[in-house]
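Structure file upload02.cif with mmCIF, C-alpha atoms:
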```cif
data_work
loop_
_atom_site.label_atom_id
_atom_site.label_comp_id
_atom_site.auth_asym_id
_atom_site.auth_seq_id
_atom_site.Cartn_x
_atom_site.Cartn_y
_atom_site.Cartn_z
CA MET A 1 18.62 -3.48 41.86
CA ALA A 2 18.37 0.08 40.57
CA PRO A 3 21.06 -0.28 37.87
CA ALA A 4 19.31 -3.38 36.47
CA ALA A 5 16.03 -1.49 36.19
CA THR A 6 17.84 1.27 34.35
CA LEU A 7 19.37 -1.20 31.92
CA VAL A 8 15.96 -2.70 31.15
CA SER A 9 14.14 0.57 30.61
CA ALA A 10 16.74 2.46 28.61
CA PRO A 11 16.50 0.37 25.42
CA GLU A 12 12.69 0.57 25.56
CA THR A 13 12.87 4.35 25.78
CA ALA A 14 15.29 4.44 22.87
CA ALA A 15 13.04 2.16 20.85
CA ARG A 16 10.06 4.41 21.40
CA ALA A 17 12.14 7.40 20.35
CA THR A 18 12.92 5.76 17.01
CA ASP A 19 9.57 4.09 16.37
CA ASP A 20 8.60 4.44 12.72
CA SER A 21 5.60 6.49 11.70
CA PHE A 22 4.79 4.13 8.80
CA LYS A 23 2.80 0.92 9.22
CA LEU A 24 3.49 -2.46 7.65
CA GLY A 25 0.55 -3.99 5.82
CA MET A 26 -0.53 -6.32 3.04
CA ALA A 27 -2.02 -5.36 -0.30
CA GLY A 28 -5.15 -7.44 -0.73
CA TYR A 29 -4.24 -8.42 -4.29
CA SER A 30 -1.54 -10.69 -2.85
CA PHE A 31 -4.39 -13.00 -1.80
CA VAL A 32 -6.34 -13.06 -5.07
CA HIS A 33 -6.50 -16.88 -5.02
CA PHE A 34 -7.57 -17.15 -1.38
CA LYS A 35 -10.69 -16.63 0.66
CA LEU A 36 -10.64 -13.99 3.37
CA ASP A 37 -10.13 -16.43 6.25
CA GLN A 38 -7.15 -17.97 4.46
CA ALA A 39 -5.65 -14.53 3.83
CA LEU A 40 -6.09 -13.54 7.46
CA GLU A 41 -4.47 -16.77 8.60
CA MET A 42 -1.41 -15.97 6.48
CA MET A 43 -1.31 -12.44 7.89
CA LYS A 44 -1.44 -13.87 11.39
CA LYS A 45 1.50 -16.16 10.65
CA VAL A 46 3.66 -13.24 9.53
CA ASP A 47 2.36 -10.86 12.24
CA VAL A 48 0.97 -8.13 9.96
CA HIS A 49 -2.12 -6.19 11.02
CA TYR A 50 -3.12 -3.80 8.22
CA LEU A 51 -4.87 -4.70 4.97
CA CYS A 52 -5.72 -2.78 1.81
CA ILE A 53 -9.12 -4.28 0.97
CA LYS A 54 -9.74 -5.76 -2.46
CA ASP A 55 -13.24 -6.19 -3.82
CA PHE A 56 -12.91 -9.96 -4.25
CA HIS A 57 -12.94 -10.12 -0.43
CA LEU A 58 -15.55 -7.38 0.02
CA PRO A 59 -17.55 -6.72 -3.19
CA LEU A 60 -18.44 -3.17 -4.16
CA ASN A 61 -22.15 -4.02 -3.85
CA SER A 62 -21.81 -5.33 -0.30
CA THR A 63 -24.64 -4.46 2.07
CA ASP A 64 -23.98 -2.56 5.29
CA GLU A 65 -24.53 -5.83 7.15
CA GLN A 66 -21.93 -7.61 5.03
CA ILE A 67 -19.49 -4.76 5.61
CA ALA A 68 -20.04 -4.94 9.38
CA THR A 69 -19.48 -8.71 9.33
CA PHE A 70 -16.32 -8.21 7.27
CA HIS A 71 -14.89 -5.71 9.76
CA GLN A 72 -15.72 -8.01 12.67
CA THR A 73 -13.91 -10.86 10.91
CA LEU A 74 -10.85 -8.64 10.50
CA LYS A 75 -11.05 -7.49 14.11
CA ASN A 76 -11.20 -11.08 15.34
CA SER A 77 -7.85 -11.62 13.58
CA GLY A 78 -6.32 -8.39 14.86
CA VAL A 79 -6.40 -6.79 11.40
CA THR A 80 -7.54 -3.32 10.35
CA GLY A 81 -8.67 -2.49 6.82
CA TYR A 82 -7.07 0.88 6.12
CA ALA A 83 -8.00 1.48 2.46
CA VAL A 84 -9.84 -0.02 -0.50
CA GLY A 85 -8.46 -0.85 -3.92
CA PRO A 86 -7.04 -0.77 -6.41
CA ILE A 87 -10.39 0.00 -8.05
CA TYR A 88 -10.46 0.62 -11.79
CA MET A 89 -12.65 3.58 -12.73
CA LYS A 90 -13.40 4.09 -16.42
CA THR A 91 -16.69 6.00 -16.11
CA THR A 92 -18.26 8.58 -13.81
CA GLU A 93 -20.65 5.86 -12.65
CA GLU A 94 -17.73 3.67 -11.55
CA ILE A 95 -16.21 6.64 -9.72
CA ASP A 96 -19.51 7.28 -7.92
CA LYS A 97 -19.73 3.62 -6.95
CA GLY A 98 -16.14 3.53 -5.73
CA PHE A 99 -16.47 6.57 -3.49
CA ASP A 100 -19.79 5.38 -2.08
CA TYR A 101 -18.20 2.00 -1.37
CA ALA A 102 -15.23 3.53 0.44
CA LYS A 103 -17.53 5.68 2.56
CA ARG A 104 -19.67 2.70 3.55
CA VAL A 105 -16.57 0.61 4.30
CA GLY A 106 -15.42 3.44 6.55
CA VAL A 107 -11.98 4.20 5.11
CA LYS A 108 -10.54 7.55 4.10
CA LEU A 109 -8.26 6.32 1.33
CA ILE A 110 -9.08 4.92 -2.11
CA VAL A 111 -6.40 3.31 -4.24
CA GLY A 112 -7.74 3.92 -7.73
CA VAL A 113 -6.94 3.57 -11.41
CA PRO A 114 -9.01 6.26 -13.16
CA ASN A 115 -9.02 7.19 -16.81
CA GLU A 116 -7.00 10.39 -17.07
CA ASP A 117 -9.82 12.42 -18.63
CA LEU A 118 -11.93 11.71 -15.54
CA LEU A 119 -9.52 13.34 -13.07
CA PRO A 120 -11.63 16.52 -12.76
CA TYR A 121 -14.59 14.37 -11.73
CA VAL A 122 -12.40 12.42 -9.27
CA GLU A 123 -11.30 15.75 -7.79
CA LYS A 124 -14.95 16.76 -7.36
CA LYS A 125 -15.65 13.54 -5.44
CA VAL A 126 -12.51 13.92 -3.33
CA LYS A 127 -13.77 17.31 -2.19
CA GLU A 128 -17.31 16.05 -1.67
CA TYR A 129 -16.26 13.03 0.41
CA ASP A 130 -13.14 14.55 2.04
CA MET A 131 -11.22 11.45 1.03
CA ARG A 132 -7.70 10.85 -0.22
CA TYR A 133 -7.29 9.24 -3.62
CA ALA A 134 -4.07 7.42 -4.50
CA ILE A 135 -3.51 6.49 -8.15
CA HIS A 136 -1.79 3.12 -8.53
CA ILE A 137 1.01 2.77 -11.08
CA HIS A 138 1.60 -0.33 -13.21
CA GLY A 139 4.98 0.02 -14.89
CA PRO A 140 5.66 -0.42 -18.61
CA ASP A 141 2.92 -3.02 -19.11
CA ILE A 142 0.07 -0.48 -19.17
CA LYS A 143 0.19 2.94 -20.84
CA LEU A 144 -2.12 4.46 -18.23
CA TRP A 145 -0.12 5.54 -15.14
CA PRO A 146 3.12 3.64 -15.85
CA ASN A 147 5.31 5.41 -13.26
CA ALA A 148 5.30 7.91 -10.42
CA SER A 149 5.97 11.00 -12.52
CA SER A 150 3.00 10.27 -14.80
CA VAL A 151 0.68 10.54 -11.80
CA ILE A 152 2.37 13.53 -10.22
CA ASP A 153 2.34 15.48 -13.49
CA ALA A 154 -1.42 14.85 -13.76
CA VAL A 155 -2.41 15.74 -10.19
CA LYS A 156 0.11 18.42 -9.17
CA ASN A 157 -2.39 21.22 -9.81
CA LEU A 158 -5.38 19.35 -8.41
CA ASP A 159 -6.63 18.94 -4.85
CA PRO A 160 -3.75 17.94 -2.52
CA ARG A 161 -5.77 14.91 -1.43
CA MET A 162 -5.11 13.43 -4.88
CA GLY A 163 -1.83 11.57 -5.08
CA LEU A 164 0.01 8.34 -5.60
CA CYS A 165 -0.05 4.71 -4.55
CA PHE A 166 3.67 4.18 -5.04
CA ASP A 167 4.31 0.70 -6.40
CA MET A 168 8.08 0.82 -6.09
CA GLY A 169 8.58 -2.35 -8.16
CA HIS A 170 6.67 -1.04 -11.14
CA ASP A 171 8.46 2.31 -10.87
CA ALA A 172 11.77 0.44 -11.10
CA ARG A 173 10.54 -1.69 -14.00
CA PHE A 174 9.74 1.51 -15.90
CA GLY A 175 13.41 2.41 -15.53
CA ASP A 176 13.05 5.06 -12.84
CA ASP A 177 14.75 5.25 -9.45
CA PRO A 178 12.15 4.36 -6.79
CA ILE A 179 14.29 5.66 -3.92
CA ALA A 180 14.80 9.05 -5.58
CA ASP A 181 11.12 9.18 -6.54
CA LEU A 182 10.05 8.34 -2.98
CA GLU A 183 11.86 11.42 -1.75
CA LYS A 184 10.96 13.64 -4.70
CA TYR A 185 7.22 12.97 -4.53
CA ALA A 186 6.89 12.44 -0.78
CA LYS A 187 4.06 14.94 -0.25
CA ARG A 188 1.81 13.15 -2.74
CA ILE A 189 2.54 9.56 -1.76
CA PHE A 190 -0.40 8.26 0.28
CA ASP A 191 0.20 4.51 0.07
CA ILE A 192 3.14 2.28 -0.83
CA HIS A 193 3.09 -1.18 -2.36
CA LEU A 194 6.26 -2.84 -1.15
CA LYS A 195 7.74 -4.86 -3.96
CA ASN A 196 11.09 -5.92 -5.30
CA VAL A 197 11.81 -7.03 -8.85
CA THR A 198 14.42 -9.11 -10.61
CA ALA A 199 15.37 -6.39 -13.11
CA ALA A 200 14.89 -2.66 -13.61
CA SER A 201 13.19 -3.26 -16.95
CA LYS A 202 9.93 -4.51 -18.43
CA GLU A 203 11.29 -8.05 -18.08
CA GLY A 204 11.61 -7.65 -14.31
CA LYS A 205 9.40 -9.94 -12.24
CA THR A 206 8.22 -9.71 -8.65
CA CYS A 207 10.55 -11.54 -6.27
CA GLU A 208 11.13 -11.82 -2.55
CA LEU A 209 11.83 -8.41 -1.05
CA SER A 210 15.41 -9.40 -0.17
CA ARG A 211 16.36 -10.73 -3.61
CA GLY A 212 15.69 -7.93 -6.10
CA VAL A 213 17.43 -4.92 -7.58
CA ILE A 214 15.90 -2.30 -5.25
CA ASP A 215 18.05 -1.39 -2.23
CA ILE A 216 15.55 -1.98 0.58
CA PRO A 217 17.75 -0.60 3.41
CA ALA A 218 18.14 2.63 1.42
CA PHE A 219 14.39 2.68 0.81
CA VAL A 220 13.70 2.34 4.55
CA ALA A 221 16.20 5.10 5.31
CA THR A 222 14.36 7.36 2.86
CA LEU A 223 10.99 6.50 4.41
CA ARG A 224 12.38 7.81 7.69
CA LYS A 225 14.00 10.83 6.07
CA ILE A 226 10.70 11.99 4.57
CA LYS A 227 8.80 11.00 7.74
CA TYR A 228 6.35 8.90 5.74
CA ASP A 229 3.32 8.12 7.92
CA GLY A 230 1.20 5.94 5.64
CA SER A 231 1.19 2.20 5.08
CA CYS A 232 3.86 0.11 3.39
CA SER A 233 1.89 -2.87 2.14
CA LEU A 234 3.60 -5.87 0.61
CA GLU A 235 2.13 -6.73 -2.78
CA TYR A 236 3.55 -10.16 -3.47
CA GLU A 237 2.94 -11.31 -7.04
CA LYS A 238 5.17 -14.37 -7.18
CA ASP A 239 3.92 -17.92 -6.58
CA MET A 240 0.48 -16.43 -6.08
CA LYS A 241 -1.22 -19.78 -5.53
CA ASP A 242 1.33 -20.71 -2.87
CA PRO A 243 2.72 -17.38 -1.62
CA LEU A 244 3.22 -17.86 2.12
CA ALA A 245 6.92 -18.73 2.04
CA GLY A 246 7.74 -15.71 -0.10
CA ILE A 247 5.48 -13.43 1.93
CA ALA A 248 7.10 -14.63 5.16
CA GLU A 249 10.62 -14.10 3.79
CA SER A 250 9.73 -10.64 2.51
CA ILE A 251 7.99 -9.49 5.69
CA GLY A 252 10.75 -10.93 7.85
CA TYR A 253 13.40 -9.20 5.78
CA PHE A 254 11.62 -5.84 5.89
CA LYS A 255 11.16 -6.05 9.66
CA GLY A 256 14.79 -7.07 10.03
CA VAL A 257 16.01 -4.12 7.99
CA CYS A 258 13.91 -1.75 10.10
CA GLU A 259 15.08 -3.23 13.40
CA ALA A 260 18.75 -3.46 12.41
CA SER A 261 18.88 0.16 11.38
CA LYS A 262 17.13 1.19 14.62
CA ALA A 263 19.74 -0.75 16.59
CA GLY A 264 22.46 1.05 14.66
CA LYS A 265 20.96 4.41 15.59
CA ARG A 266 20.80 3.45 19.27
CA LYS A 267 24.46 2.40 19.29
CA ALA A 268 25.45 5.62 17.57
#
```
Just dump the structure as structure tokens.
Amino acid sequence: MAPAATLVSAPETAARATDDSFKLGMAGYSFVHFKLDQALEMMKKVDVHYLCIKDFHLPLNSTDEQIATFHQTLKNSGVTGYAVGPIYMKTTEEIDKGFDYAKRVGVKLIVGVPNEDLLPYVEKKVKEYDMRYAIHIHGPDIKLWPNASSVIDAVKNLDPRMGLCFDMGHDARFGDDPIADLEKYAKRIFDIHLKNVTAASKEGKTCELSRGVIDIPAFVATLRKIKYDGSCSLEYEKDMKDPLAGIAESIGYFKGVCEASKAGKRKA
């Protein structure tokens, strides 16, 4: 019986040795047309347990009691809220409100979209709250923060807790290389919005993760190369009123890519 026990345990040991440091999650915006319980039911169906919280599920003016109830609802579904946002911040008052909200929610990461002239004030709040702040990019549609380099150029001399929410799809739509940028800006990437797009141009649209122009296996390989330890959260912006099929395909594909490459490492 000893050899059989060895055969069972060896793959488990190998799997632990190659476990990824990054977590798979969902960006709350994917569920903009759904109530929280509906969103959590979809997450349960695709076996995902981390959520970036959007304010349409937990408003910025929520009471402490409402926040506690929200967390209990997530816990009952086996989900953890790891960050809040994206939150648009066009004034110092909105920045104050956003940081206070994140503190009361109990997270240490804000995904934000601040006006560029307010970055010194954001830096002040980052130091005050000891919180990381990840600026979300939006591709060629919006002049403010269109790609990864626009954020990095703005924050490179600021507090190291100020960085990037790397929306890989929008980076590609701007015409940049999201795989090269992932490696180049690794130290300042605090959150990733998993996304694939139909074209590396402004005309590109969100599609299932397996069907776009971004090489997902190469992206996963780079995540491992840089030892990324944050969340990779699917932001699915196709069929947003009926997204489950596309979410399931995308999550299944991403998990499959991760597992297949692990299996390849074990065989090697």
>> If the PyMOL selection byres ((chain A and resi 188) around 6) were run on this exact file, what residues would it hold? Put them as a PyMOL selection string.
In response: chain A and resi 163-164+185-187+189
Within 10 Å of range 125-136 of chain A, which residues of range 149-213 of chain A come that close, and what is the closest atom pair and distance in Å for each? Count only C-alpha atoms and give it as CSV.
```
residue,atom,partner,partner_atom,distance
A:Val151,CA,A:Ile135,CA,6.9
A:Ile152,CA,A:Ile135,CA,9.4
A:Val155,CA,A:Ile135,CA,9.5
A:Asp159,CA,A:Lys127,CA,7.8
A:Pro160,CA,A:Arg132,CA,8.4
A:Arg161,CA,A:Arg132,CA,4.7
A:Met162,CA,A:Tyr133,CA,4.9
A:Gly163,CA,A:Ala134,CA,4.8
A:Leu164,CA,A:Ala134,CA,4.3
A:Cys165,CA,A:His136,CA,4.6
A:Phe166,CA,A:His136,CA,6.6
A:Asp167,CA,A:His136,CA,6.9
A:His170,CA,A:His136,CA,9.8
A:Arg188,CA,A:Ala134,CA,8.4
A:Ile189,CA,A:Ala134,CA,7.5
A:Phe190,CA,A:Ala134,CA,6.1
A:Asp191,CA,A:Ala134,CA,6.9
A:Ile192,CA,A:His136,CA,9.2
A:His193,CA,A:His136,CA,9.0
```
Residue IDs satisfying the PyMOL selection byres ((chain A and resi 41) around 12), as a CSV table (one decimal) with C-alpha atoms, in the frame of the given file:
```csv
chain,number,residue,atom,x,y,z
A,31,PHE,CA,-4.4,-13.0,-1.8
A,34,PHE,CA,-7.6,-17.2,-1.4
A,35,LYS,CA,-10.7,-16.6,0.7
A,36,LEU,CA,-10.6,-14.0,3.4
A,37,ASP,CA,-10.1,-16.4,6.2
A,38,GLN,CA,-7.2,-18.0,4.5
A,39,ALA,CA,-5.6,-14.5,3.8
A,40,LEU,CA,-6.1,-13.5,7.5
A,42,MET,CA,-1.4,-16.0,6.5
A,43,MET,CA,-1.3,-12.4,7.9
A,44,LYS,CA,-1.4,-13.9,11.4
A,45,LYS,CA,1.5,-16.2,10.6
A,46,VAL,CA,3.7,-13.2,9.5
A,47,ASP,CA,2.4,-10.9,12.2
A,48,VAL,CA,1.0,-8.1,10.0
A,49,HIS,CA,-2.1,-6.2,11.0
A,73,THR,CA,-13.9,-10.9,10.9
A,74,LEU,CA,-10.8,-8.6,10.5
A,76,ASN,CA,-11.2,-11.1,15.3
A,77,SER,CA,-7.8,-11.6,13.6
A,78,GLY,CA,-6.3,-8.4,14.9
A,79,VAL,CA,-6.4,-6.8,11.4
A,244,LEU,CA,3.2,-17.9,2.1
```
> Using all atoms listed in the file, which residues sit within 12 Å of Phe99 in chain A once same-chain residues fewer than 6 positions away are excluded, as a VMD selection string?
Replying inline: chain A and resid 60 83 to 85 87 to 89 92 to 93 105 to 112 121 to 133
Next, dump the selected residues to file, keeping only C-alpha atoms, as a PDB file, keeping the file's coordinate frame.
```pdb
ATOM      1  CA  LEU A  60     -18.440  -3.170  -4.160  1.00  0.00           C
ATOM      2  CA  ALA A  83      -8.000   1.480   2.460  1.00  0.00           C
ATOM      3  CA  VAL A  84      -9.840  -0.020  -0.500  1.00  0.00           C
ATOM      4  CA  GLY A  85      -8.460  -0.850  -3.920  1.00  0.00           C
ATOM      5  CA  ILE A  87     -10.390   0.000  -8.050  1.00  0.00           C
ATOM      6  CA  TYR A  88     -10.460   0.620 -11.790  1.00  0.00           C
ATOM      7  CA  MET A  89     -12.650   3.580 -12.730  1.00  0.00           C
ATOM      8  CA  THR A  92     -18.260   8.580 -13.810  1.00  0.00           C
ATOM      9  CA  GLU A  93     -20.650   5.860 -12.650  1.00  0.00           C
ATOM     10  CA  VAL A 105     -16.570   0.610   4.300  1.00  0.00           C
ATOM     11  CA  GLY A 106     -15.420   3.440   6.550  1.00  0.00           C
ATOM     12  CA  VAL A 107     -11.980   4.200   5.110  1.00  0.00           C
ATOM     13  CA  LYS A 108     -10.540   7.550   4.100  1.00  0.00           C
ATOM     14  CA  LEU A 109      -8.260   6.320   1.330  1.00  0.00           C
ATOM     15  CA  ILE A 110      -9.080   4.920  -2.110  1.00  0.00           C
ATOM     16  CA  VAL A 111      -6.400   3.310  -4.240  1.00  0.00           C
ATOM     17  CA  GLY A 112      -7.740   3.920  -7.730  1.00  0.00           C
ATOM     18  CA  TYR A 121     -14.590  14.370 -11.730  1.00  0.00           C
ATOM     19  CA  VAL A 122     -12.400  12.420  -9.270  1.00  0.00           C
ATOM     20  CA  GLU A 123     -11.300  15.750  -7.790  1.00  0.00           C
ATOM     21  CA  LYS A 124     -14.950  16.760  -7.360  1.00  0.00           C
ATOM     22  CA  LYS A 125     -15.650  13.540  -5.440  1.00  0.00           C
ATOM     23  CA  VAL A 126     -12.510  13.920  -3.330  1.00  0.00           C
ATOM     24  CA  LYS A 127     -13.770  17.310  -2.190  1.00  0.00           C
ATOM     25  CA  GLU A 128     -17.310  16.050  -1.670  1.00  0.00           C
ATOM     26  CA  TYR A 129     -16.260  13.030   0.410  1.00  0.00           C
ATOM     27  CA  ASP A 130     -13.140  14.550   2.040  1.00  0.00           C
ATOM     28  CA  MET A 131     -11.220  11.450   1.030  1.00  0.00           C
ATOM     29  CA  ARG A 132      -7.700  10.850  -0.220  1.00  0.00           C
ATOM     30  CA  TYR A 133      -7.290   9.240  -3.620  1.00  0.00           C
TER      31      TYR A 133
END
```
>> Show me, as number ranges by chain, the residues that have an atom within 12 Å of Lys90 in chain A when counting all atoms listed in the file, minus same-chain residues fewer than 4 positions from it.
In response: A: 94-98, 112-119, 121-122, 144
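The neighbours of Asp141 in chain A here are the residues that come within 12 Å of it, using only C-alpha atoms and leaving out any residue fewer than 6 positions away in the same chain; they are A:Asn147, A:His170, A:Asp171, A:Arg173, A:Phe174, A:Ser201, A:Lys202, A:Glu203, A:Gly204, A:Lys205.
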> Mind telling me what the PyMOL selection byres ((chain A and resi 222) around 12) catches here, as a VMD selection string?
Replying inline: chain A and resid 20 22 178 to 186 215 to 221 223 to 228 258
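One finds CA of Gly169 in chain A at 23.1 Å from CA of Phe56 in chain A.
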>> Give me the residues near Val32 in chain A as a ChimeraX atom specification, where near means some atom within 12 Å (using only C-alpha atoms) and where sequence neighbours in that chain fewer than 4 positions away do not count.
In response: /A:27-28,36,38-39,53-58,235-243
> Nearest to Ala102 in chain A among A:Asp177, A:Asp64, A:Glu249, A:Asp229, with distances taken over all atoms listed in the file: which residue is it?
Replying inline: A:Asp64
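Distances to Ile247 in chain A were evaluated for A:Cys207, A:Ala68, A:Val213, A:Ala172 using all atoms listed in the file, and the minimum falls at A:Cys207.
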>> My list of candidates is A:Arg104, A:Lys262, A:Lys143, A:Lys195. Which is closest to Gly246 in chain A when distances are computed with all atoms listed in the file?
In response: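 Closest to Gly246 in chain A of all the choices is A:Lys195.
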> What is the distance between CA of Phe254 in chain A and CA of Leu194 in chain A, in Å to one decimal?
Replying inline: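 So the two atoms, CA of Phe254 in chain A and CA of Leu194 in chain A, lie 9.3 Å apart.
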>> Quick check, in Å to one decimal: how far apart do CA of Lys156 in chain A and CA of Pro120 in chain A lie?
In response: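 About the pair CA of Lys156 in chain A and CA of Pro120 in chain A: they are 12.4 Å apart.
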> In terms of the shortest atom-to-atom distance over only C-alpha atoms, which of A:Leu24, A:Ser62, A:Thr206, A:Ala148 is closest to Lys255 in chain A?
Replying inline: A:Leu24
N, CA, C and O atoms restored at range 24-37 of chain A, emitted as an mmCIF file, keeping the file's coordinate frame:
```cif
data_model
loop_
_atom_site.group_PDB
_atom_site.id
_atom_site.type_symbol
_atom_site.label_atom_id
_atom_site.label_comp_id
_atom_site.auth_asym_id
_atom_site.auth_seq_id
_atom_site.Cartn_x
_atom_site.Cartn_y
_atom_site.Cartn_z
ATOM 1 N N LEU A 24 3.278 -1.347 8.577
ATOM 2 C CA LEU A 24 3.490 -2.460 7.650
ATOM 3 C C LEU A 24 2.166 -3.168 7.416
ATOM 4 O O LEU A 24 1.452 -3.512 8.356
ATOM 5 N N GLY A 25 1.814 -3.354 6.155
ATOM 6 C CA GLY A 25 0.550 -3.990 5.820
ATOM 7 C C GLY A 25 0.682 -4.976 4.676
ATOM 8 O O GLY A 25 1.787 -5.296 4.229
ATOM 9 N N MET A 26 -0.456 -5.449 4.216
ATOM 10 C CA MET A 26 -0.530 -6.320 3.040
ATOM 11 C C MET A 26 -1.492 -5.715 2.038
ATOM 12 O O MET A 26 -2.575 -5.243 2.398
ATOM 13 N N ALA A 27 -1.108 -5.731 0.783
ATOM 14 C CA ALA A 27 -2.020 -5.360 -0.300
ATOM 15 C C ALA A 27 -2.904 -6.559 -0.592
ATOM 16 O O ALA A 27 -2.415 -7.676 -0.813
ATOM 17 N N GLY A 28 -4.204 -6.338 -0.590
ATOM 18 C CA GLY A 28 -5.150 -7.440 -0.730
ATOM 19 C C GLY A 28 -4.953 -8.275 -1.980
ATOM 20 O O GLY A 28 -5.252 -9.474 -1.981
ATOM 21 N N TYR A 29 -4.417 -7.666 -3.042
ATOM 22 C CA TYR A 29 -4.240 -8.420 -4.290
ATOM 23 C C TYR A 29 -3.307 -9.608 -4.112
ATOM 24 O O TYR A 29 -3.391 -10.585 -4.865
ATOM 25 N N SER A 30 -2.439 -9.560 -3.119
ATOM 26 C CA SER A 30 -1.540 -10.690 -2.850
ATOM 27 C C SER A 30 -2.315 -11.985 -2.619
ATOM 28 O O SER A 30 -1.785 -13.077 -2.838
ATOM 29 N N PHE A 31 -3.572 -11.849 -2.185
ATOM 30 C CA PHE A 31 -4.390 -13.000 -1.800
ATOM 31 C C PHE A 31 -5.517 -13.272 -2.800
ATOM 32 O O PHE A 31 -6.568 -13.789 -2.432
ATOM 33 N N VAL A 32 -5.289 -12.941 -4.061
ATOM 34 C CA VAL A 32 -6.340 -13.060 -5.070
ATOM 35 C C VAL A 32 -6.867 -14.487 -5.205
ATOM 36 O O VAL A 32 -8.026 -14.698 -5.568
ATOM 37 N N HIS A 33 -6.078 -15.483 -4.879
ATOM 38 C CA HIS A 33 -6.500 -16.880 -5.020
ATOM 39 C C HIS A 33 -7.011 -17.482 -3.715
ATOM 40 O O HIS A 33 -7.223 -18.696 -3.641
ATOM 41 N N PHE A 34 -7.216 -16.623 -2.692
ATOM 42 C CA PHE A 34 -7.570 -17.150 -1.380
ATOM 43 C C PHE A 34 -8.806 -16.452 -0.816
ATOM 44 O O PHE A 34 -9.042 -15.267 -1.067
ATOM 45 N N LYS A 35 -9.563 -17.194 -0.052
ATOM 46 C CA LYS A 35 -10.690 -16.630 0.660
ATOM 47 C C LYS A 35 -10.164 -15.768 1.811
ATOM 48 O O LYS A 35 -9.011 -15.879 2.215
ATOM 49 N N LEU A 36 -11.046 -14.930 2.342
ATOM 50 C CA LEU A 36 -10.640 -13.990 3.370
ATOM 51 C C LEU A 36 -10.032 -14.691 4.582
ATOM 52 O O LEU A 36 -8.981 -14.264 5.094
ATOM 53 N N ASP A 37 -10.657 -15.771 5.061
ATOM 54 C CA ASP A 37 -10.130 -16.430 6.250
ATOM 55 C C ASP A 37 -8.742 -17.001 6.009
ATOM 56 O O ASP A 37 -7.882 -16.995 6.907
#
```
